[in-house]
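Raw contents of structure_14.txt, compact mmCIF, N, CA, C and O atoms:
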# COMPACT_ATOMS: atom_id res chain seq x y z
N MET O 1 -51.11 83.73 -5.59
CA MET O 1 -51.41 83.55 -4.21
C MET O 1 -51.54 82.06 -3.88
O MET O 1 -51.12 81.62 -2.84
N SER O 2 -52.09 81.33 -4.75
CA SER O 2 -52.28 79.91 -4.55
C SER O 2 -50.94 79.19 -4.48
O SER O 2 -50.78 78.24 -3.73
N ASN O 3 -49.98 79.65 -5.27
CA ASN O 3 -48.64 79.05 -5.25
C ASN O 3 -47.97 79.27 -3.90
O ASN O 3 -47.31 78.39 -3.38
N MET O 4 -48.13 80.44 -3.29
CA MET O 4 -47.54 80.74 -1.97
C MET O 4 -48.19 79.88 -0.89
O MET O 4 -47.51 79.39 0.01
N GLU O 5 -49.50 79.72 -0.96
CA GLU O 5 -50.18 78.89 0.04
C GLU O 5 -49.72 77.43 -0.08
O GLU O 5 -49.52 76.75 0.93
N ASN O 6 -49.55 76.98 -1.31
CA ASN O 6 -49.09 75.62 -1.54
C ASN O 6 -47.67 75.44 -1.01
O ASN O 6 -47.34 74.42 -0.39
N LEU O 7 -46.79 76.41 -1.23
CA LEU O 7 -45.42 76.36 -0.74
C LEU O 7 -45.40 76.38 0.79
O LEU O 7 -44.61 75.68 1.42
N GLU O 8 -46.27 77.18 1.37
CA GLU O 8 -46.33 77.26 2.83
C GLU O 8 -46.77 75.93 3.43
O GLU O 8 -46.23 75.48 4.45
N SER O 9 -47.74 75.26 2.82
CA SER O 9 -48.19 73.97 3.34
C SER O 9 -47.10 72.92 3.20
O SER O 9 -46.95 72.04 4.05
N GLN O 10 -46.30 73.01 2.13
CA GLN O 10 -45.20 72.07 1.97
C GLN O 10 -44.14 72.29 3.04
O GLN O 10 -43.59 71.33 3.59
N LEU O 11 -43.86 73.55 3.38
CA LEU O 11 -42.88 73.84 4.42
C LEU O 11 -43.37 73.35 5.78
O LEU O 11 -42.59 72.78 6.55
N THR O 12 -44.63 73.57 6.09
CA THR O 12 -45.13 73.11 7.39
C THR O 12 -45.14 71.58 7.46
O THR O 12 -44.88 71.00 8.50
N GLU O 13 -45.42 70.93 6.33
CA GLU O 13 -45.38 69.46 6.30
C GLU O 13 -43.95 68.97 6.51
O GLU O 13 -43.71 68.01 7.24
N GLN O 14 -42.98 69.63 5.90
CA GLN O 14 -41.58 69.25 6.10
C GLN O 14 -41.16 69.46 7.54
O GLN O 14 -40.44 68.64 8.12
N GLU O 15 -41.60 70.55 8.13
CA GLU O 15 -41.27 70.81 9.54
C GLU O 15 -41.89 69.75 10.44
O GLU O 15 -41.25 69.27 11.38
N ARG O 16 -43.12 69.36 10.14
CA ARG O 16 -43.80 68.34 10.93
C ARG O 16 -43.06 67.00 10.81
O ARG O 16 -42.80 66.34 11.81
N GLN O 17 -42.71 66.63 9.59
CA GLN O 17 -41.99 65.38 9.38
C GLN O 17 -40.61 65.41 10.04
O GLN O 17 -40.16 64.42 10.62
N SER O 18 -39.96 66.56 9.98
CA SER O 18 -38.66 66.71 10.61
C SER O 18 -38.77 66.56 12.12
O SER O 18 -37.93 65.91 12.76
N LYS O 19 -39.82 67.12 12.71
CA LYS O 19 -40.04 67.01 14.16
C LYS O 19 -40.33 65.57 14.55
O LYS O 19 -39.77 65.05 15.53
N ILE O 20 -41.18 64.89 13.79
CA ILE O 20 -41.50 63.50 14.09
C ILE O 20 -40.25 62.62 13.96
O ILE O 20 -40.00 61.75 14.79
N ASN O 21 -39.47 62.86 12.92
CA ASN O 21 -38.23 62.11 12.72
C ASN O 21 -37.26 62.34 13.88
O ASN O 21 -36.65 61.41 14.40
N GLY O 22 -37.12 63.58 14.31
CA GLY O 22 -36.25 63.89 15.44
C GLY O 22 -36.71 63.23 16.72
O GLY O 22 -35.90 62.69 17.49
N ASP O 23 -38.03 63.23 16.95
CA ASP O 23 -38.57 62.58 18.14
C ASP O 23 -38.33 61.07 18.10
O ASP O 23 -38.00 60.45 19.11
N ALA O 24 -38.51 60.47 16.93
CA ALA O 24 -38.30 59.02 16.80
C ALA O 24 -36.83 58.66 17.03
O ALA O 24 -36.53 57.68 17.72
N LEU O 25 -35.92 59.44 16.48
CA LEU O 25 -34.49 59.17 16.70
C LEU O 25 -34.11 59.34 18.16
O LEU O 25 -33.33 58.56 18.71
N ALA O 26 -34.67 60.35 18.80
CA ALA O 26 -34.39 60.56 20.23
C ALA O 26 -34.91 59.39 21.05
O ALA O 26 -34.26 58.95 22.01
N SER O 27 -36.07 58.86 20.68
CA SER O 27 -36.63 57.72 21.39
C SER O 27 -35.76 56.49 21.23
O SER O 27 -35.52 55.74 22.19
N VAL O 28 -35.26 56.26 20.03
CA VAL O 28 -34.38 55.11 19.79
C VAL O 28 -33.10 55.26 20.59
O VAL O 28 -32.62 54.29 21.21
N LEU O 29 -32.51 56.43 20.61
CA LEU O 29 -31.28 56.65 21.37
C LEU O 29 -31.52 56.49 22.87
O LEU O 29 -30.69 55.93 23.59
N ALA O 30 -32.66 56.97 23.36
CA ALA O 30 -32.98 56.85 24.78
C ALA O 30 -33.16 55.38 25.17
O ALA O 30 -32.72 54.95 26.24
N THR O 31 -33.79 54.61 24.29
CA THR O 31 -33.97 53.19 24.57
C THR O 31 -32.61 52.48 24.64
O THR O 31 -32.39 51.65 25.53
N GLY O 32 -31.72 52.82 23.74
CA GLY O 32 -30.38 52.24 23.77
C GLY O 32 -29.63 52.60 25.03
O GLY O 32 -28.95 51.76 25.63
N ARG O 33 -29.76 53.86 25.45
CA ARG O 33 -29.08 54.30 26.68
C ARG O 33 -29.64 53.57 27.90
O ARG O 33 -28.89 53.19 28.81
N ARG O 34 -30.97 53.40 27.95
CA ARG O 34 -31.57 52.68 29.08
C ARG O 34 -31.10 51.24 29.13
O ARG O 34 -30.80 50.72 30.21
N ARG O 35 -31.03 50.58 27.98
CA ARG O 35 -30.57 49.20 27.93
C ARG O 35 -29.12 49.11 28.40
O ARG O 35 -28.74 48.21 29.16
N GLU O 36 -28.30 50.03 27.97
CA GLU O 36 -26.90 50.04 28.38
C GLU O 36 -26.77 50.31 29.88
O GLU O 36 -25.97 49.67 30.57
N ALA O 37 -27.58 51.20 30.41
CA ALA O 37 -27.54 51.50 31.84
C ALA O 37 -27.97 50.29 32.66
O ALA O 37 -27.41 50.03 33.73
N ARG O 38 -28.96 49.54 32.17
CA ARG O 38 -29.37 48.32 32.89
C ARG O 38 -28.24 47.31 32.94
O ARG O 38 -28.04 46.62 33.95
N GLY O 39 -27.49 47.21 31.86
CA GLY O 39 -26.35 46.29 31.84
C GLY O 39 -25.29 46.69 32.85
O GLY O 39 -24.75 45.85 33.57
N TYR O 40 -24.99 47.99 32.91
CA TYR O 40 -24.01 48.46 33.88
C TYR O 40 -24.50 48.23 35.31
O TYR O 40 -23.73 47.85 36.19
N ALA O 41 -25.79 48.46 35.55
CA ALA O 41 -26.33 48.25 36.89
C ALA O 41 -26.27 46.78 37.30
O ALA O 41 -25.94 46.46 38.45
N MET O 42 -26.56 45.89 36.37
CA MET O 42 -26.51 44.46 36.66
C MET O 42 -25.09 44.01 36.98
O MET O 42 -24.86 43.26 37.93
N MET O 43 -24.13 44.47 36.20
CA MET O 43 -22.74 44.10 36.46
C MET O 43 -22.26 44.66 37.79
O MET O 43 -21.53 44.01 38.54
N SER O 44 -22.67 45.88 38.09
CA SER O 44 -22.29 46.49 39.36
C SER O 44 -22.86 45.71 40.53
O SER O 44 -22.18 45.47 41.54
N ALA O 45 -24.11 45.29 40.41
CA ALA O 45 -24.75 44.51 41.48
C ALA O 45 -24.05 43.16 41.65
O ALA O 45 -23.82 42.71 42.78
N ALA O 46 -23.73 42.52 40.55
CA ALA O 46 -23.07 41.21 40.63
C ALA O 46 -21.68 41.33 41.26
O ALA O 46 -21.30 40.52 42.11
N LEU O 47 -20.93 42.34 40.86
CA LEU O 47 -19.60 42.53 41.45
C LEU O 47 -19.69 42.91 42.92
O LEU O 47 -18.90 42.44 43.74
N GLY O 48 -20.66 43.75 43.27
CA GLY O 48 -20.83 44.12 44.67
C GLY O 48 -21.22 42.93 45.52
O GLY O 48 -20.73 42.76 46.65
N TYR O 49 -22.10 42.08 44.99
CA TYR O 49 -22.50 40.88 45.74
C TYR O 49 -21.31 39.95 45.92
O TYR O 49 -21.08 39.41 47.00
N GLY O 50 -20.53 39.76 44.85
CA GLY O 50 -19.37 38.87 44.93
C GLY O 50 -18.35 39.36 45.94
O GLY O 50 -17.84 38.58 46.75
N GLU O 51 -18.06 40.64 45.92
CA GLU O 51 -17.09 41.19 46.87
C GLU O 51 -17.63 41.12 48.30
O GLU O 51 -16.88 40.85 49.23
N GLY O 52 -18.91 41.37 48.46
CA GLY O 52 -19.50 41.31 49.79
C GLY O 52 -19.57 39.91 50.34
O GLY O 52 -19.37 39.66 51.53
N ALA O 53 -19.86 38.94 49.47
CA ALA O 53 -19.98 37.56 49.92
C ALA O 53 -18.63 36.96 50.26
O ALA O 53 -18.55 36.04 51.07
N LEU O 54 -17.57 37.44 49.66
CA LEU O 54 -16.25 36.89 49.93
C LEU O 54 -15.51 37.66 51.03
O LEU O 54 -14.42 37.27 51.41
N GLY O 55 -16.11 38.72 51.52
CA GLY O 55 -15.45 39.54 52.53
C GLY O 55 -15.54 38.94 53.92
O GLY O 55 -16.04 37.83 54.13
N THR O 56 -15.03 39.68 54.89
CA THR O 56 -15.02 39.20 56.28
C THR O 56 -16.10 39.87 57.11
O THR O 56 -16.15 39.68 58.32
N GLY O 57 -16.98 40.61 56.49
CA GLY O 57 -18.04 41.30 57.23
C GLY O 57 -19.20 40.36 57.55
O GLY O 57 -19.13 39.15 57.39
N VAL O 58 -20.29 40.96 58.02
CA VAL O 58 -21.47 40.19 58.42
C VAL O 58 -22.05 39.45 57.22
O VAL O 58 -22.39 38.26 57.32
N PHE O 59 -22.16 40.11 56.09
CA PHE O 59 -22.73 39.47 54.91
C PHE O 59 -21.86 38.31 54.44
O PHE O 59 -22.36 37.27 54.02
N GLY O 60 -20.56 38.47 54.53
CA GLY O 60 -19.65 37.40 54.16
C GLY O 60 -19.81 36.18 55.05
O GLY O 60 -19.78 35.04 54.59
N LYS O 61 -19.98 36.41 56.35
CA LYS O 61 -20.16 35.30 57.29
C LYS O 61 -21.49 34.59 57.06
O LYS O 61 -21.57 33.36 57.09
N ILE O 62 -22.55 35.37 56.82
CA ILE O 62 -23.86 34.77 56.55
C ILE O 62 -23.81 33.96 55.26
O ILE O 62 -24.36 32.86 55.18
N SER O 63 -23.15 34.48 54.27
CA SER O 63 -23.02 33.78 52.99
C SER O 63 -22.24 32.48 53.16
O SER O 63 -22.61 31.45 52.59
N HIS O 64 -21.20 32.50 53.95
CA HIS O 64 -20.40 31.30 54.19
C HIS O 64 -21.23 30.25 54.93
O HIS O 64 -21.20 29.06 54.58
N LEU O 65 -22.01 30.67 55.93
CA LEU O 65 -22.87 29.73 56.66
C LEU O 65 -23.95 29.15 55.75
O LEU O 65 -24.29 27.97 55.86
N ALA O 66 -24.47 29.95 54.85
CA ALA O 66 -25.48 29.46 53.91
C ALA O 66 -24.87 28.41 52.98
O ALA O 66 -25.51 27.39 52.67
N LYS O 67 -23.64 28.63 52.54
CA LYS O 67 -22.96 27.63 51.70
C LYS O 67 -22.77 26.32 52.47
O LYS O 67 -23.01 25.23 51.94
N LEU O 68 -22.32 26.43 53.72
CA LEU O 68 -22.12 25.23 54.53
C LEU O 68 -23.43 24.48 54.76
O LEU O 68 -23.47 23.25 54.73
N PHE O 69 -24.51 25.21 54.99
CA PHE O 69 -25.81 24.58 55.17
C PHE O 69 -26.24 23.83 53.92
O PHE O 69 -26.72 22.69 54.00
N CYS O 70 -26.06 24.43 52.76
CA CYS O 70 -26.44 23.77 51.50
C CYS O 70 -25.60 22.52 51.26
O CYS O 70 -26.12 21.48 50.83
N ILE O 71 -24.32 22.59 51.56
CA ILE O 71 -23.45 21.42 51.40
C ILE O 71 -23.87 20.32 52.38
O ILE O 71 -23.98 19.14 52.01
N GLY O 72 -24.12 20.68 53.61
CA GLY O 72 -24.56 19.69 54.61
C GLY O 72 -25.89 19.07 54.25
O GLY O 72 -26.07 17.85 54.39
N PHE O 73 -26.81 19.85 53.76
CA PHE O 73 -28.12 19.31 53.35
C PHE O 73 -27.96 18.36 52.17
O PHE O 73 -28.62 17.31 52.12
N ALA O 74 -27.07 18.70 51.25
CA ALA O 74 -26.85 17.83 50.09
C ALA O 74 -26.26 16.48 50.51
O ALA O 74 -26.52 15.46 49.87
N PHE O 75 -25.46 16.46 51.58
CA PHE O 75 -24.90 15.20 52.05
C PHE O 75 -25.88 14.42 52.93
O PHE O 75 -25.93 13.20 52.88
N LEU O 76 -26.67 15.10 53.72
CA LEU O 76 -27.56 14.42 54.66
C LEU O 76 -28.88 14.00 54.06
O LEU O 76 -29.46 13.00 54.48
N ALA O 77 -29.41 14.73 53.12
CA ALA O 77 -30.75 14.45 52.58
C ALA O 77 -30.86 13.05 51.98
O ALA O 77 -31.83 12.34 52.27
N PRO O 78 -29.90 12.58 51.17
CA PRO O 78 -30.07 11.23 50.61
C PRO O 78 -30.07 10.13 51.68
O PRO O 78 -30.89 9.21 51.62
N SER O 79 -29.19 10.25 52.66
CA SER O 79 -29.16 9.21 53.70
C SER O 79 -30.42 9.26 54.56
O SER O 79 -30.97 8.21 54.92
N LEU O 80 -30.92 10.42 54.88
CA LEU O 80 -32.16 10.52 55.64
C LEU O 80 -33.34 9.99 54.84
O LEU O 80 -34.24 9.34 55.39
N LEU O 81 -33.35 10.23 53.55
CA LEU O 81 -34.41 9.72 52.69
C LEU O 81 -34.37 8.20 52.62
O LEU O 81 -35.42 7.54 52.68
N VAL O 82 -33.17 7.62 52.54
CA VAL O 82 -33.04 6.16 52.54
C VAL O 82 -33.55 5.59 53.85
O VAL O 82 -34.27 4.59 53.88
N TRP O 83 -33.19 6.18 54.98
CA TRP O 83 -33.65 5.70 56.27
C TRP O 83 -35.16 5.78 56.38
O TRP O 83 -35.80 4.90 56.92
N TYR O 84 -35.73 6.86 55.89
CA TYR O 84 -37.17 7.07 55.99
C TYR O 84 -37.94 6.09 55.09
O TYR O 84 -38.95 5.52 55.48
N VAL O 85 -37.46 5.86 53.87
CA VAL O 85 -38.19 5.04 52.91
C VAL O 85 -37.91 3.56 53.11
O VAL O 85 -38.83 2.72 53.07
N LEU O 86 -36.65 3.18 53.33
CA LEU O 86 -36.31 1.76 53.37
C LEU O 86 -36.34 1.16 54.76
O LEU O 86 -36.54 -0.05 54.90
N LEU O 87 -36.12 1.92 55.78
CA LEU O 87 -36.05 1.33 57.12
C LEU O 87 -37.25 1.59 57.95
O LEU O 87 -38.13 2.12 57.97
Would you mind writing the file's structure down as structure tokens?
Amino acid sequence: MSNMENLESQLTEQERQSKINGDALASVLATGRRREARGYAMMSAALGYGEGALGTGVFGKISHLAKLFCIGFAFLAPSLLVWYVLL
């Protein structure tokens, strides 16, 4: 009888270890899938932004005006700073 009880405890321990191992592997696979999905989402967002910014719609026009503003500020800021500091 003692041998059967010992065998039964070994089987339950193997089942427990098998379950824990399966859960750990599933967690590792899920983490990998989440990381891959984040990469796809980031690329999709970047491509969508690029296509939208280069288009002829409202977002494209706003993006073009923002570029022109940044270029104009880069040209005007040094001369305005010289006038303010030196003159």
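Straight-line separation from atom CA of Gly48 of chain O to atom N of Lys61 of chain O: 14.0 Å.
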Between atom O of Ala53 of chain O and atom C of Leu68 of chain O, distance in Å (one decimal):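 Separation of atom O of Ala53 of chain O and atom C of Leu68 of chain O: 13.1 Å.
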Atom pair atom O of Ile62 of chain O / atom CA of Pro78 of chain O: separation (Å):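 Between atom O of Ile62 of chain O and atom CA of Pro78 of chain O the gap is 22.8 Å.
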Output chain O from the block with C-alpha atoms, as a PDB file, in the first residue's frame?
ATOM      1  CA  MET O   1       0.000   0.000   0.000  1.00  0.00           C
ATOM      2  CA  SER O   2       2.829   2.345   0.771  1.00  0.00           C
ATOM      3  CA  ASN O   3       4.321   1.757  -2.672  1.00  0.00           C
ATOM      4  CA  MET O   4       1.024   2.791  -4.358  1.00  0.00           C
ATOM      5  CA  GLU O   5       0.773   5.949  -2.277  1.00  0.00           C
ATOM      6  CA  ASN O   6       4.358   6.807  -3.151  1.00  0.00           C
ATOM      7  CA  LEU O   7       3.683   6.222  -6.869  1.00  0.00           C
ATOM      8  CA  GLU O   8       0.553   8.351  -6.685  1.00  0.00           C
ATOM      9  CA  SER O   9       2.452  11.263  -5.111  1.00  0.00           C
ATOM     10  CA  GLN O  10       5.100  11.004  -7.831  1.00  0.00           C
ATOM     11  CA  LEU O  11       2.409  11.164 -10.532  1.00  0.00           C
ATOM     12  CA  THR O  12       0.744  14.202  -8.979  1.00  0.00           C
ATOM     13  CA  GLU O  13       4.141  15.905  -8.664  1.00  0.00           C
ATOM     14  CA  GLN O  14       4.849  15.209 -12.340  1.00  0.00           C
ATOM     15  CA  GLU O  15       1.444  16.583 -13.295  1.00  0.00           C
ATOM     16  CA  ARG O  16       2.076  19.701 -11.217  1.00  0.00           C
ATOM     17  CA  GLN O  17       5.499  20.244 -12.786  1.00  0.00           C
ATOM     18  CA  SER O  18       4.059  19.629 -16.244  1.00  0.00           C
ATOM     19  CA  LYS O  19       1.335  22.234 -15.618  1.00  0.00           C
ATOM     20  CA  ILE O  20       3.825  24.802 -14.320  1.00  0.00           C
ATOM     21  CA  ASN O  21       6.120  24.154 -17.289  1.00  0.00           C
ATOM     22  CA  GLY O  22       3.217  24.559 -19.721  1.00  0.00           C
ATOM     23  CA  ASP O  23       2.149  27.802 -18.062  1.00  0.00           C
ATOM     24  CA  ALA O  24       5.703  29.167 -18.198  1.00  0.00           C
ATOM     25  CA  LEU O  25       6.074  28.305 -21.888  1.00  0.00           C
ATOM     26  CA  ALA O  26       2.718  29.899 -22.668  1.00  0.00           C
ATOM     27  CA  SER O  27       3.805  33.046 -20.837  1.00  0.00           C
ATOM     28  CA  VAL O  28       7.050  33.229 -22.809  1.00  0.00           C
ATOM     29  CA  LEU O  29       5.197  32.777 -26.104  1.00  0.00           C
ATOM     30  CA  ALA O  30       2.608  35.404 -25.150  1.00  0.00           C
ATOM     31  CA  THR O  31       5.356  37.885 -24.286  1.00  0.00           C
ATOM     32  CA  GLY O  32       6.979  37.298 -27.665  1.00  0.00           C
ATOM     33  CA  ARG O  33       3.665  37.772 -29.460  1.00  0.00           C
ATOM     34  CA  ARG O  34       3.003  41.033 -27.585  1.00  0.00           C
ATOM     35  CA  ARG O  35       6.454  42.363 -28.471  1.00  0.00           C
ATOM     36  CA  GLU O  36       5.932  41.454 -32.123  1.00  0.00           C
ATOM     37  CA  ALA O  37       2.497  43.079 -32.154  1.00  0.00           C
ATOM     38  CA  ARG O  38       3.952  46.298 -30.715  1.00  0.00           C
ATOM     39  CA  GLY O  39       6.483  46.361 -33.530  1.00  0.00           C
ATOM     40  CA  TYR O  40       3.777  45.946 -36.151  1.00  0.00           C
ATOM     41  CA  ALA O  41       1.685  48.675 -34.517  1.00  0.00           C
ATOM     42  CA  MET O  42       4.635  51.081 -34.452  1.00  0.00           C
ATOM     43  CA  MET O  43       5.445  50.496 -38.115  1.00  0.00           C
ATOM     44  CA  SER O  44       1.802  50.896 -39.054  1.00  0.00           C
ATOM     45  CA  ALA O  45       1.601  54.195 -37.176  1.00  0.00           C
ATOM     46  CA  ALA O  46       4.792  55.492 -38.775  1.00  0.00           C
ATOM     47  CA  LEU O  47       3.649  54.563 -42.282  1.00  0.00           C
ATOM     48  CA  GLY O  48       0.199  56.045 -41.679  1.00  0.00           C
ATOM     49  CA  TYR O  49       1.708  59.287 -40.409  1.00  0.00           C
ATOM     50  CA  GLY O  50       4.077  59.486 -43.381  1.00  0.00           C
ATOM     51  CA  GLU O  51       1.327  58.914 -45.917  1.00  0.00           C
ATOM     52  CA  GLY O  52      -0.967  61.370 -44.162  1.00  0.00           C
ATOM     53  CA  ALA O  53       1.678  64.065 -43.875  1.00  0.00           C
ATOM     54  CA  LEU O  54       2.577  63.840 -47.554  1.00  0.00           C
ATOM     55  CA  GLY O  55      -1.022  63.792 -48.765  1.00  0.00           C
ATOM     56  CA  THR O  56      -3.209  66.640 -49.976  1.00  0.00           C
ATOM     57  CA  GLY O  57      -5.716  66.468 -47.139  1.00  0.00           C
ATOM     58  CA  VAL O  58      -6.065  68.688 -44.083  1.00  0.00           C
ATOM     59  CA  PHE O  59      -3.341  66.880 -42.147  1.00  0.00           C
ATOM     60  CA  GLY O  60      -0.967  67.162 -45.091  1.00  0.00           C
ATOM     61  CA  LYS O  61      -1.551  70.915 -45.325  1.00  0.00           C
ATOM     62  CA  ILE O  62      -1.064  71.409 -41.585  1.00  0.00           C
ATOM     63  CA  SER O  63       2.115  69.360 -41.699  1.00  0.00           C
ATOM     64  CA  HIS O  64       3.451  71.408 -44.611  1.00  0.00           C
ATOM     65  CA  LEU O  65       2.711  74.685 -42.785  1.00  0.00           C
ATOM     66  CA  ALA O  66       4.445  73.361 -39.668  1.00  0.00           C
ATOM     67  CA  LYS O  67       7.538  72.543 -41.746  1.00  0.00           C
ATOM     68  CA  LEU O  68       7.538  76.027 -43.261  1.00  0.00           C
ATOM     69  CA  PHE O  69       7.183  77.597 -39.810  1.00  0.00           C
ATOM     70  CA  CYS O  70      10.150  75.611 -38.472  1.00  0.00           C
ATOM     71  CA  ILE O  71      12.283  76.574 -41.466  1.00  0.00           C
ATOM     72  CA  GLY O  72      11.317  80.239 -41.124  1.00  0.00           C
ATOM     73  CA  PHE O  73      12.044  80.233 -37.399  1.00  0.00           C
ATOM     74  CA  ALA O  74      15.444  78.650 -38.019  1.00  0.00           C
ATOM     75  CA  PHE O  75      16.306  81.471 -40.445  1.00  0.00           C
ATOM     76  CA  LEU O  76      14.863  84.350 -38.421  1.00  0.00           C
ATOM     77  CA  ALA O  77      15.876  83.415 -34.869  1.00  0.00           C
ATOM     78  CA  PRO O  78      19.641  84.033 -35.257  1.00  0.00           C
ATOM     79  CA  SER O  79      19.188  87.444 -36.871  1.00  0.00           C
ATOM     80  CA  LEU O  80      16.602  88.510 -34.287  1.00  0.00           C
ATOM     81  CA  LEU O  81      18.901  87.329 -31.507  1.00  0.00           C
ATOM     82  CA  VAL O  82      21.796  89.352 -32.964  1.00  0.00           C
ATOM     83  CA  TRP O  83      19.595  92.462 -33.168  1.00  0.00           C
ATOM     84  CA  TYR O  84      18.385  91.984 -29.611  1.00  0.00           C
ATOM     85  CA  VAL O  85      21.815  91.310 -28.057  1.00  0.00           C
ATOM     86  CA  LEU O  86      24.147  93.500 -30.124  1.00  0.00           C
ATOM     87  CA  LEU O  87      22.013  96.441 -31.179  1.00  0.00           C
TER      88      LEU O  87
END
